[in-house]
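Inspection log for the structure reproduced underneath, given as structure tokens.
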Amino acid sequence: MSKTYYLTTPLLEEQTRQLKAGDIVYLSGVIYSARDAAHKRLVDLIAEGKELPFDLEGSVIYFVGPTPPKPGDPIGSAGPTTSYRMDSYSPTLLKYGSKGMIGKGKRNQEVKDACIEYGGIYFGATGGAGALLGKQIKKAEIIAYPELGPEAVRRLEVENFPVTVINDTFGADLYQMGRALYEVKS
Amino acid sequence: MREIAYDTVVKAVRDIIVHCGTDLPQDAYDALKQAMEEEKSLVSKEVLRQILENADIAKDEKRPLCQDTGLAVFFVKVGDEVKINGGLLKDAINQGTQQGYIDAYLRASTCEPFSRANLKDTVGYNLPAIIHFDIVAGDTIDIEYAAKGGGSENVSRATVLAPAAGMDGILQFVKQVISDAGPNPCPPITVGIGIGGTFEKAAISSKHALFRTLGSVNEDPQMAQFEERILNELNKLGIGAMGMGGTKTVLGVHIESNPCHIASLPVSVNVQCHSSRHAHITI
Ligand code: SF4
């Protein structure tokens with residue numbers, strides 16, 4: 001049976017290693033936004049031994065490129081983007097301490113293996129629910145790469161941000177499990 | 001000749017873009033609601049509930065439905081008795097697109113394909129729009145618009161089958177495309193299928209098929225039956241809302257078919273995510 005958790009970032013390994021595919025998690029605290037272009041820069045910084053724009057330890061990275069905020073709002077609509085474009089970078093970030101990723105869609109085997117090895121979780125948020133998810137973001141601040149526009153790295157303060165565990169630290173995959181339950185083989 | 005002012009077109013285009021950014025069309029809303037009621041998986045049901053709640057929030061608070069506000073795609077039928085005063089029709093559509101995207105706080109998502117540099121400050125905000133023109137008899141301009149996101153476009157595919165493949169071959173191809181796509185295009189989806197014509201004609205037809213109202217029946221009884229058959233087969237895949245597993249993966253299958261070369265059977269599958277933002281106006 002799937003469980004519901006309320007967790008605050010940064011995430012600890014003993015927390016992530018409890019979570020199972022299908023669990024529902026409401027995240028609060030600080031998370032960071034980054035898409036492909038920002039991921040490439042973060043991984044390059046690690047390779048060069050340079051300091052990153054935020055502390056990776058226990059961090060949760062949200063794959064999102066929001067719409068511009070309306071006057072008075074911290075952020076515009078902000079739902080997840082398709083995650084496979086981050087597959088080549090995610091294992092490095094997990095290796096250096098990141099504990100969670102939020103996106104939508106399938107991950108490759110390397111990412112799933114890195115989740116098992118480093119205690120990382122791949123969370124799914126509802127794609128196309130950008131208005132709803134954007135409202136759970138209470139504060140947003142660009143902390144790196146403003147020239148990337150929607151793809152800049154943002155520090156986001158979230159409250160009860162709703163996500164589901166897709167890939168856990170045991171190698172399970174909710175997409176495969178869910179589909180197996182309802183697939184009708186002809 | 002009927003004269004239509006350039007600015008009239010700019011304003012009409014701007015207005016539909018602003019509207020579509022935040023208001024999910026009724027056909028999509030109704031189809032999603034029905035899917036939520038019929039879905040067997042509780043997880044997918046909850047996802048569908050969130051999708052509908054999102055649509056309500058977007059409409060009430062005028063927030064973009066999705067952060068991917070798409071490339072602007074147009075099918076434009078220009079009457080042969082229409083003259084645009086004050087500029088080119090194509091420029092008017094682009095200008096209206098830019099204005100709508102800026103005014104509604106939508107995202108600029110066009111980029112140069114290799115450097116990936118955003119084009120908002122060079123070419124224009126979310127420009128260029130993708131425009132398919134046709135010339136018809138009459139004195140009106142008919143504009144169909146859709147905001148087409150990247151997630152569902154990325155899983156779309158085209159091929160040219162051997163004529164012997166027939167309907168079964170087409171079904172197999174479509175099934176493979178949707179199965180491979182899995183959770184990525186934000187299901188529940190609408191599947192546009194272009195059949196026949198040439199390679200590019202099939203692709204354009206598959207895009208245009210997505211503009212048809214969800215729940216409508218194909219005028220060609222044979223195609224209506226084929227759509228039904230494909231829909232049932234695709235829902236057997238078990239992908240469910242956002243790929244969480246479930247019985248409602250596809251809301252509708254829309255086919256447009258064209259005469260083709262005696263040697264070929266072109267087939268294209270264009271996928272539309274649940275955030276099916278589209279509108280139709282006549283000027
Ligand atoms: S596929 Fe559609 S709903 Fe999903 S993120 Fe892209 S535009 Fe939004």
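Going through the structure tokens in order, the chains are called A, B, and so on, while each chain numbers its residues from 1 and the ligands are numbered from 1 in the order shown.
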
Within 10 Å of ligand 1, which residues of chain A come that close, and what is the closest atom pair and distance in Å for each? Count only C-alpha atoms and all ligand atoms and give it as a Markdown table.
| residue | atom | partner | partner_atom_place_in_ligand_line | distance |
| --- | --- | --- | --- | --- |
| A:Val64 | CA | ligand 1 | 5 (S) | 9.3 |
| A:Gly65 | CA | ligand 1 | 5 (S) | 9.9 |
| A:Ala78 | CA | ligand 1 | 5 (S) | 9.4 |
| A:Gly79 | CA | ligand 1 | 5 (S) | 6.8 |
| A:Pro80 | CA | ligand 1 | 5 (S) | 6.4 |
| A:Thr81 | CA | ligand 1 | 5 (S) | 5.5 |
| A:Thr82 | CA | ligand 1 | 5 (S) | 7.1 |
| A:Gly103 | CA | ligand 1 | 5 (S) | 9.8 |
| A:Lys104 | CA | ligand 1 | 5 (S) | 8.3 |
| A:Gly105 | CA | ligand 1 | 4 (Fe) | 9.7 |
| A:Thr126 | CA | ligand 1 | 4 (Fe) | 8.4 |
| A:Gly127 | CA | ligand 1 | 4 (Fe) | 4.7 |
| A:Gly128 | CA | ligand 1 | 3 (S) | 3.4 |
| A:Ala129 | CA | ligand 1 | 3 (S) | 7.2 |
| A:Gly130 | CA | ligand 1 | 8 (Fe) | 7.6 |

task = Find the residues of chain A in contact range of chain B, meaning any atom within 9 Å when counting only C-alpha atoms, and list them as a VMD selection string.
result = chain A and resid 22 37 64 to 70 76 to 84 104 to 106 124 to 134 148 to 150 166 174 to 186

Gap from atom CA of B:Pro113 to atom CA of A:Tyr62 - Å, one decimal =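 Atom CA of A:Tyr62 lies 24.1 Å from atom CA of B:Pro113.
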
task = Excluding stretch 264-271 of chain B and any residue of its chain fewer than 6 positions from it, enumerate the residues within 9 Å of it, using only C-alpha atoms, and give them as a ChimeraX atom specification.
result = /B:152-166,170,173-174,177-178,185,189-207,209-210

request  = Would you kindly return, as JSON, numbers by chain, each protein, DNA or RNA residue with an atom no farther than 8 Å from any atom of B:Tyr6, considering only C-alpha atoms and excluding same-chain residues fewer than 2 positions away?
outcome  = {"B": [4, 8, 9, 10, 84, 85, 86, 87, 88, 89, 92]}

request  = Give the strand (DSSP E or B) residues of chain A, as assigned by DSSP on the backbone, as a ChimeraX atom specification.
outcome  = /A:4-8,24-33,60-62,82,100-104,121-124,137-144,153-167,173

Distance of atom CA of A:Leu56 from atom CA of A:Ile116, expressed in Å to one decimal place =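 Answer for the atom CA of A:Ile116 to atom CA of A:Leu56 separation: 17.6 Å.
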